[in-house]
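> Pasting work-v1.cif here (mmCIF, C-alpha atoms):
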```
data_target
loop_
_atom_site.label_atom_id
_atom_site.label_comp_id
_atom_site.auth_asym_id
_atom_site.auth_seq_id
_atom_site.Cartn_x
_atom_site.Cartn_y
_atom_site.Cartn_z
CA MET A 1078 18.59 -66.72 -80.45
CA SER A 1079 15.94 -64.75 -78.69
CA GLY A 1080 14.68 -65.01 -75.19
CA VAL A 1081 16.13 -65.24 -71.75
CA PRO A 1082 17.40 -68.45 -70.14
CA LEU A 1083 15.02 -69.67 -67.48
CA SER A 1084 17.84 -69.92 -64.95
CA TRP A 1085 18.26 -66.14 -65.06
CA TYR A 1086 14.80 -65.77 -63.59
CA LEU A 1087 15.70 -68.27 -60.88
CA ILE A 1088 18.94 -66.44 -60.13
CA LEU A 1089 17.05 -63.14 -59.90
CA SER A 1090 14.62 -64.82 -57.53
CA ALA A 1091 17.50 -66.13 -55.39
CA VAL A 1092 19.14 -62.70 -55.33
CA LEU A 1093 15.92 -61.01 -54.21
CA PHE A 1094 15.34 -63.68 -51.57
CA SER A 1095 18.88 -63.25 -50.20
CA LEU A 1096 18.43 -59.49 -50.08
CA GLY A 1097 15.21 -60.07 -48.15
CA VAL A 1098 17.06 -62.29 -45.67
CA ALA A 1099 19.79 -59.66 -45.35
CA GLY A 1100 17.22 -56.94 -44.70
CA PHE A 1101 15.46 -59.14 -42.18
CA LEU A 1102 18.72 -59.63 -40.30
CA ILE A 1103 20.30 -56.17 -40.39
CA ARG A 1104 17.36 -53.75 -40.16
CA ARG A 1105 16.19 -52.63 -36.73
CA SER A 1106 12.94 -50.94 -37.60
CA MET A 1107 10.08 -53.38 -37.10
CA ILE A 1108 8.25 -52.21 -40.22
CA THR A 1109 11.32 -52.59 -42.46
CA VAL A 1110 11.90 -56.11 -41.14
CA PHE A 1111 8.32 -56.87 -42.02
CA MET A 1112 8.79 -55.46 -45.52
CA SER A 1113 11.84 -57.71 -45.96
CA ILE A 1114 9.54 -60.68 -45.36
CA GLU A 1115 7.28 -59.40 -48.14
CA LEU A 1116 10.35 -59.15 -50.39
CA MET A 1117 11.16 -62.81 -49.69
CA LEU A 1118 7.59 -63.84 -50.52
CA ASN A 1119 7.80 -61.91 -53.80
CA ALA A 1120 11.07 -63.63 -54.70
CA VAL A 1121 9.49 -67.05 -54.16
CA ASN A 1122 6.52 -65.99 -56.29
CA LEU A 1123 8.87 -65.16 -59.15
CA SER A 1124 10.41 -68.62 -59.14
CA LEU A 1125 6.95 -70.24 -58.92
CA VAL A 1126 5.83 -68.33 -62.01
CA ALA A 1127 9.10 -69.18 -63.80
CA PHE A 1128 8.64 -72.91 -63.12
CA SER A 1129 5.04 -72.58 -64.25
CA TYR A 1130 6.35 -71.25 -67.56
CA GLN A 1131 8.81 -74.12 -67.85
CA LEU A 1132 6.18 -76.78 -67.21
CA LYS A 1133 3.58 -74.94 -69.33
CA GLN A 1134 1.05 -75.40 -66.54
CA VAL A 1135 -1.08 -72.89 -64.70
CA ASP A 1136 -0.58 -74.47 -61.26
CA GLY A 1137 2.33 -72.23 -60.33
CA HIS A 1138 0.13 -69.21 -60.88
CA LEU A 1139 -2.40 -70.64 -58.45
CA PHE A 1140 0.32 -71.15 -55.83
CA THR A 1141 1.45 -67.56 -56.38
CA PHE A 1142 -2.14 -66.44 -55.93
CA PHE A 1143 -2.43 -68.28 -52.63
CA VAL A 1144 0.92 -66.89 -51.46
CA MET A 1145 -0.41 -63.40 -52.17
CA VAL A 1146 -3.58 -64.08 -50.19
CA VAL A 1147 -1.59 -65.42 -47.25
CA ALA A 1148 0.76 -62.42 -47.50
CA ALA A 1149 -2.22 -60.08 -47.33
CA ALA A 1150 -3.60 -61.84 -44.24
CA GLU A 1151 -0.13 -61.88 -42.71
CA ALA A 1152 0.34 -58.16 -43.39
CA ALA A 1153 -2.95 -57.33 -41.68
CA VAL A 1154 -2.17 -59.37 -38.56
CA GLY A 1155 1.50 -58.38 -38.45
CA LEU A 1156 0.78 -54.69 -38.72
CA ALA A 1157 -1.84 -55.05 -35.98
CA ILE A 1158 0.85 -56.67 -33.80
CA ILE A 1159 3.25 -53.81 -34.61
CA LEU A 1160 0.50 -51.36 -33.65
CA ALA A 1161 -0.06 -53.15 -30.33
CA VAL A 1162 3.69 -53.25 -29.60
CA PHE A 1163 4.01 -49.56 -30.37
CA ARG A 1164 1.08 -48.75 -28.12
CA ASN A 1165 2.56 -50.71 -25.21
CA ARG A 1166 6.25 -49.88 -25.63
CA GLY A 1167 6.28 -46.60 -27.52
CA THR A 1168 9.03 -47.75 -29.86
CA LEU A 1169 9.49 -49.46 -33.20
CA GLN A 1170 13.17 -50.34 -32.73
CA ILE A 1171 13.51 -54.11 -32.51
CA ASP A 1172 16.40 -54.14 -30.05
CA GLU A 1173 14.49 -51.94 -27.60
CA VAL A 1174 11.76 -54.57 -27.33
CA ASP A 1175 13.75 -56.92 -25.13
CA SER A 1176 11.79 -57.46 -21.93
CA MET A 1177 12.12 -61.25 -22.30
CA LYS A 1178 15.92 -60.97 -22.41
CA ASN A 1179 16.56 -60.53 -18.68
CA MET B 1333 13.52 -57.37 -76.87
CA ASP B 1334 12.83 -60.00 -74.22
CA LEU B 1335 16.41 -59.75 -73.04
CA ALA B 1336 16.29 -55.95 -72.88
CA LEU B 1337 13.04 -55.96 -70.90
CA PHE B 1338 14.29 -58.68 -68.56
CA LEU B 1339 17.60 -56.92 -67.93
CA THR B 1340 15.98 -53.52 -67.41
CA PHE B 1341 13.39 -54.69 -64.94
CA SER B 1342 15.61 -57.17 -63.11
CA ILE B 1343 18.18 -54.41 -62.56
CA VAL B 1344 15.41 -52.11 -61.33
CA ALA B 1345 14.14 -54.87 -59.02
CA VAL B 1346 17.58 -55.67 -57.58
CA GLY B 1347 18.42 -51.97 -57.24
CA CYS B 1348 15.18 -51.28 -55.40
CA ALA B 1349 15.73 -54.33 -53.17
CA VAL B 1350 19.26 -53.17 -52.29
CA ASN B 1351 17.82 -49.74 -51.54
CA LEU B 1352 15.19 -51.36 -49.30
CA VAL B 1353 17.89 -53.09 -47.29
CA LEU B 1354 20.09 -49.99 -47.05
CA GLN B 1355 17.48 -47.33 -46.28
CA ARG B 1356 17.23 -46.24 -42.69
CA HIS B 1357 13.77 -44.74 -42.88
CA PRO B 1358 10.76 -47.07 -43.27
CA ILE B 1359 8.96 -44.86 -45.78
CA SER B 1360 11.94 -44.97 -48.20
CA ALA B 1361 12.04 -48.74 -47.78
CA ALA B 1362 8.32 -48.91 -48.57
CA ILE B 1363 8.76 -46.90 -51.78
CA SER B 1364 11.63 -49.21 -52.81
CA LEU B 1365 9.47 -52.26 -52.15
CA ILE B 1366 6.77 -50.82 -54.42
CA GLY B 1367 9.47 -50.50 -57.10
CA VAL B 1368 10.43 -54.16 -56.66
CA MET B 1369 6.80 -55.25 -56.91
CA ALA B 1370 6.09 -53.16 -60.01
CA SER B 1371 9.12 -54.52 -61.86
CA LEU B 1372 8.24 -58.05 -60.80
CA ALA B 1373 4.82 -57.48 -62.35
CA VAL B 1374 6.52 -56.76 -65.69
CA LEU B 1375 8.59 -59.95 -65.34
CA TYR B 1376 5.37 -61.91 -64.66
CA LEU B 1377 3.97 -60.49 -67.90
CA LEU B 1378 7.09 -61.66 -69.74
CA LEU B 1379 6.53 -65.13 -68.27
CA GLY B 1380 2.97 -65.16 -69.58
CA ALA B 1381 1.30 -64.70 -66.21
CA GLU B 1382 -0.96 -61.80 -67.08
CA PHE B 1383 -3.53 -62.42 -64.35
CA ILE B 1384 -0.83 -62.73 -61.69
CA ALA B 1385 0.82 -59.55 -63.00
CA ALA B 1386 -2.45 -57.64 -62.60
CA VAL B 1387 -3.02 -59.11 -59.14
CA GLN B 1388 0.54 -58.24 -58.20
CA VAL B 1389 -0.05 -54.59 -59.00
CA ILE B 1390 -3.54 -54.41 -57.52
CA ILE B 1391 -3.10 -56.43 -54.33
CA TYR B 1392 0.59 -56.20 -53.53
CA ALA B 1393 1.62 -52.77 -54.77
CA GLY B 1394 -1.86 -51.43 -54.14
CA ALA B 1395 -3.52 -52.88 -51.07
CA ILE B 1396 -0.68 -54.33 -48.99
CA MET B 1397 1.78 -51.49 -49.54
CA VAL B 1398 -0.91 -48.89 -48.84
CA LEU B 1399 -1.50 -50.70 -45.55
CA PHE B 1400 2.23 -50.49 -44.79
CA VAL B 1401 2.45 -46.80 -45.67
CA PHE B 1402 -0.69 -46.16 -43.64
CA VAL B 1403 0.82 -47.81 -40.56
CA ILE B 1404 4.11 -45.93 -41.05
CA MET B 1405 2.17 -42.66 -41.15
CA LEU B 1406 -0.07 -43.65 -38.24
CA LEU B 1407 2.83 -44.55 -35.95
CA ASN B 1408 4.93 -41.63 -37.17
CA ALA B 1409 7.83 -44.08 -37.61
CA GLU B 1410 11.16 -42.32 -37.49
CA ALA B 1411 14.47 -43.41 -38.98
CA GLU B 1412 16.12 -46.16 -37.03
CA LYS B 1413 18.89 -45.22 -34.63
CA LYS B 1414 22.49 -46.14 -35.25
CA THR B 1415 23.77 -48.57 -32.67
CA GLY B 1416 27.28 -49.10 -34.04
CA ARG B 1417 27.26 -52.77 -33.17
CA SER B 1418 27.17 -54.02 -36.75
CA LEU B 1419 30.89 -54.60 -37.27
CA VAL B 1420 30.28 -58.32 -37.70
CA ALA B 1421 27.63 -57.57 -40.31
CA ARG B 1422 29.93 -55.18 -42.15
CA TYR B 1423 33.10 -57.28 -42.28
CA ILE B 1424 31.74 -60.82 -42.29
CA GLY B 1425 28.10 -60.55 -43.27
CA ILE B 1426 28.36 -58.55 -46.49
CA PRO B 1427 31.28 -60.57 -48.02
CA SER B 1428 29.56 -63.81 -47.11
CA LEU B 1429 26.32 -62.50 -48.63
CA PHE B 1430 28.10 -61.92 -51.93
CA MET B 1431 29.83 -65.31 -51.71
CA PHE B 1432 26.49 -66.95 -51.03
CA LEU B 1433 24.89 -65.17 -53.98
CA GLY B 1434 27.71 -66.22 -56.30
CA LEU B 1435 27.48 -69.80 -55.12
CA LEU B 1436 23.72 -69.77 -55.58
CA GLY B 1437 24.06 -68.38 -59.10
CA VAL B 1438 26.58 -71.03 -60.10
CA LEU B 1439 24.45 -73.77 -58.55
CA ILE B 1440 21.25 -72.70 -60.26
CA HIS B 1441 23.04 -72.27 -63.56
CA ALA B 1442 24.53 -75.77 -63.23
CA LEU B 1443 21.29 -77.43 -62.16
CA TYR B 1444 19.01 -75.72 -64.68
CA ALA B 1445 21.32 -75.52 -67.66
CA SER B 1446 18.42 -76.37 -69.92
CA GLU B 1447 17.98 -75.09 -73.43
CA GLU B 1448 14.69 -73.64 -72.27
CA ARG B 1449 14.45 -69.97 -73.15
CA VAL B 1450 11.75 -67.65 -71.98
CA THR B 1451 10.16 -65.71 -74.80
CA PHE B 1452 7.16 -63.45 -74.52
CA GLY B 1453 4.14 -65.39 -75.74
CA GLY B 1454 5.78 -68.77 -75.20
CA PHE B 1455 3.16 -69.64 -72.62
CA THR B 1456 -0.32 -68.17 -72.84
CA GLY B 1457 -2.05 -70.27 -70.20
CA GLY B 1458 -2.01 -67.58 -67.55
CA THR B 1459 -5.13 -65.71 -68.54
CA ALA B 1460 -7.83 -64.86 -66.03
CA GLN B 1461 -9.99 -67.52 -67.69
CA ASN B 1462 -7.48 -70.34 -67.17
CA VAL B 1463 -6.54 -69.27 -63.66
CA GLY B 1464 -10.19 -68.90 -62.69
CA ARG B 1465 -11.11 -72.27 -64.09
CA ALA B 1466 -8.30 -73.99 -62.17
CA LEU B 1467 -9.15 -72.00 -59.05
CA PHE B 1468 -12.79 -73.05 -58.98
CA THR B 1469 -12.36 -76.68 -60.00
CA GLU B 1470 -9.05 -78.23 -59.06
CA TYR B 1471 -8.17 -75.80 -56.28
CA LEU B 1472 -11.65 -75.26 -54.87
CA LEU B 1473 -10.85 -76.62 -51.41
CA PRO B 1474 -7.72 -74.48 -50.90
CA PHE B 1475 -9.71 -71.51 -52.14
CA GLU B 1476 -12.42 -72.06 -49.55
CA VAL B 1477 -9.83 -72.64 -46.81
CA THR B 1478 -8.29 -69.32 -47.83
CA SER B 1479 -11.55 -67.57 -47.11
CA ILE B 1480 -11.52 -68.97 -43.56
CA LEU B 1481 -7.89 -67.83 -43.22
CA ILE B 1482 -8.85 -64.32 -44.23
CA LEU B 1483 -11.74 -64.33 -41.76
CA VAL B 1484 -9.37 -65.39 -38.98
CA ALA B 1485 -6.92 -62.68 -40.03
CA ILE B 1486 -9.66 -60.02 -39.93
CA VAL B 1487 -10.78 -61.08 -36.46
CA GLY B 1488 -7.18 -61.31 -35.25
CA ALA B 1489 -6.27 -57.88 -36.60
CA ILE B 1490 -9.30 -56.28 -34.93
CA VAL B 1491 -8.62 -58.01 -31.61
CA LEU B 1492 -4.94 -57.03 -31.67
CA ALA B 1493 -5.39 -53.46 -32.80
CA ARG B 1494 -8.38 -52.33 -30.71
CA LYS B 1495 -7.91 -50.31 -27.56
CA GLU B 1496 -7.92 -52.31 -24.33
CA THR B 1497 -10.94 -51.43 -22.25
CA GLY B 1498 -11.06 -52.51 -18.65
#
```
As structure tokens - that is how I would like this structure written.


Amino acid sequence: MSGVPLSWYLILSAVLFSLGVAGFLIRRSMITVFMSIELMLNAVNLSLVAFSYQLKQVDGHLFTFFVMVVAAAEAAVGLAIILAVFRNRGTLQIDEVDSMKN
Amino acid sequence: MDLALFLTFSIVAVGCAVNLVLQRHPISAAISLIGVMASLAVLYLLLGAEFIAAVQVIIYAGAIMVLFVFVIMLLNAEAEKKTGRSLVARYIGIPSLFMFLGLLGVLIHALYASEERVTFGGFTGGTAQNVGRALFTEYLLPFEVTSILILVAIVGAIVLARKETG
């Protein structure tokens, strides 16, 4: 019996997504939080490709492709925002950017 | 062979992801994320998605991560400071993360307990030819909308990142 059960890919995807959520919640550096979002997007891509294999259709690959394009656009805009925040506040620590708190 | 490759690269991916979450310095996290993306590219190849695997390496591990590393270097990002307020995360968050992962694993295994097994070569529809044909026929409208999205992103990035004058 060769091969890997499809659910293993889905479990791996879920594990990576949860680790991305954990990183998003516990990290305090703005750039690392942003990278956790990329990790979550990658995890979703893995399950899309796995379902594409199961259904023997190419559509999942197209969705993955579009997710990658959106991730690239998001990375460009997000890093520009981080740049602007750093220029105005001089810090990358998320809990020091709290001027709306008071 | 499939099992060995899957296990190797999934362990590498999970290890790199754990390292990403645990590292205090952004540049170490970026290197770990590149590791995750490279091993995911191998898993895509195993799933028969050769075009997506190539795009994963070129766009994700290449372009996007270079952008991240560039910004880390540009801003001279230092390691994050310890605040010592993460007791809730340590004693409630981490156990509940593992519980959640276990629950998720059991759920997925129960819901997708199919006989379907992934073997290399079991699906060969992911070539550049097939993906390109679907992209320019069935998915032409989303593709064109994507180009507008990228244009907006370029303009937005320039507006956000330029120096304020006057």

> Could you give me, as a PDB file with C-alpha atoms, in the frame of the given file, the residues within 9 Å of Ile1363 in chain B, counting all atoms listed in the file and dropping anything in the same chain fewer than 5 positions from it?


```
ATOM      1  CA  CYS B1348      15.180 -51.280 -55.400  1.00  0.00           C
ATOM      2  CA  LEU B1352      15.190 -51.360 -49.300  1.00  0.00           C
ATOM      3  CA  PRO B1358      10.760 -47.070 -43.270  1.00  0.00           C
ATOM      4  CA  VAL B1368      10.430 -54.160 -56.660  1.00  0.00           C
ATOM      5  CA  MET B1397       1.780 -51.490 -49.540  1.00  0.00           C
ATOM      6  CA  VAL B1401       2.450 -46.800 -45.670  1.00  0.00           C
TER       7      VAL B1401
END
```

> What is the CA of Leu1467 in chain B to CA of Val1144 in chain A distance in Å?

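Going from CA of Leu1467 in chain B over to CA of Val1144 in chain A, I get 13.6 Å.
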
> Restrict the distance test to all atoms listed in the file, flag each residue of chain A within 7 Å of chain B, and return the flagged residues as a PyMOL selection string.

chain A and resi 1080-1084+1088-1089+1092-1093+1096+1100+1105-1106+1108-1109+1126-1127+1130+1133+1135+1138-1139+1142+1149-1150+1152-1154+1157-1158+1160-1161+1170

> Please dump the current selection as a PDB file, in the frame of the given file; keep C-alpha atoms.


```
ATOM      1  CA  GLY A1080      14.680 -65.010 -75.190  1.00  0.00           C
ATOM      2  CA  VAL A1081      16.130 -65.240 -71.750  1.00  0.00           C
ATOM      3  CA  PRO A1082      17.400 -68.450 -70.140  1.00  0.00           C
ATOM      4  CA  LEU A1083      15.020 -69.670 -67.480  1.00  0.00           C
ATOM      5  CA  SER A1084      17.840 -69.920 -64.950  1.00  0.00           C
ATOM      6  CA  ILE A1088      18.940 -66.440 -60.130  1.00  0.00           C
ATOM      7  CA  LEU A1089      17.050 -63.140 -59.900  1.00  0.00           C
ATOM      8  CA  VAL A1092      19.140 -62.700 -55.330  1.00  0.00           C
ATOM      9  CA  LEU A1093      15.920 -61.010 -54.210  1.00  0.00           C
ATOM     10  CA  LEU A1096      18.430 -59.490 -50.080  1.00  0.00           C
ATOM     11  CA  GLY A1100      17.220 -56.940 -44.700  1.00  0.00           C
ATOM     12  CA  ARG A1105      16.190 -52.630 -36.730  1.00  0.00           C
ATOM     13  CA  SER A1106      12.940 -50.940 -37.600  1.00  0.00           C
ATOM     14  CA  ILE A1108       8.250 -52.210 -40.220  1.00  0.00           C
ATOM     15  CA  THR A1109      11.320 -52.590 -42.460  1.00  0.00           C
ATOM     16  CA  VAL A1126       5.830 -68.330 -62.010  1.00  0.00           C
ATOM     17  CA  ALA A1127       9.100 -69.180 -63.800  1.00  0.00           C
ATOM     18  CA  TYR A1130       6.350 -71.250 -67.560  1.00  0.00           C
ATOM     19  CA  LYS A1133       3.580 -74.940 -69.330  1.00  0.00           C
ATOM     20  CA  VAL A1135      -1.080 -72.890 -64.700  1.00  0.00           C
ATOM     21  CA  HIS A1138       0.130 -69.210 -60.880  1.00  0.00           C
ATOM     22  CA  LEU A1139      -2.400 -70.640 -58.450  1.00  0.00           C
ATOM     23  CA  PHE A1142      -2.140 -66.440 -55.930  1.00  0.00           C
ATOM     24  CA  ALA A1149      -2.220 -60.080 -47.330  1.00  0.00           C
ATOM     25  CA  ALA A1150      -3.600 -61.840 -44.240  1.00  0.00           C
ATOM     26  CA  ALA A1152       0.340 -58.160 -43.390  1.00  0.00           C
ATOM     27  CA  ALA A1153      -2.950 -57.330 -41.680  1.00  0.00           C
ATOM     28  CA  VAL A1154      -2.170 -59.370 -38.560  1.00  0.00           C
ATOM     29  CA  ALA A1157      -1.840 -55.050 -35.980  1.00  0.00           C
ATOM     30  CA  ILE A1158       0.850 -56.670 -33.800  1.00  0.00           C
ATOM     31  CA  LEU A1160       0.500 -51.360 -33.650  1.00  0.00           C
ATOM     32  CA  ALA A1161      -0.060 -53.150 -30.330  1.00  0.00           C
ATOM     33  CA  GLN A1170      13.170 -50.340 -32.730  1.00  0.00           C
TER      34      GLN A1170
END
```

> Could you tell me which of A:Phe1163, A:Phe1101, A:Tyr1086, A:Phe1128 comes closest to Ile1114 in chain A if we count all atoms listed in the file?

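Comparing A:Phe1163, A:Phe1101, A:Tyr1086, A:Phe1128 against Ile1114 in chain A, the winner is A:Phe1101.
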
> When you draw a straight line from CA of Val1374 in chain B to CA of Val1098 in chain A, how long is it in Å?

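We find that CA of Val1374 in chain B and CA of Val1098 in chain A lie 23.3 Å from each other.
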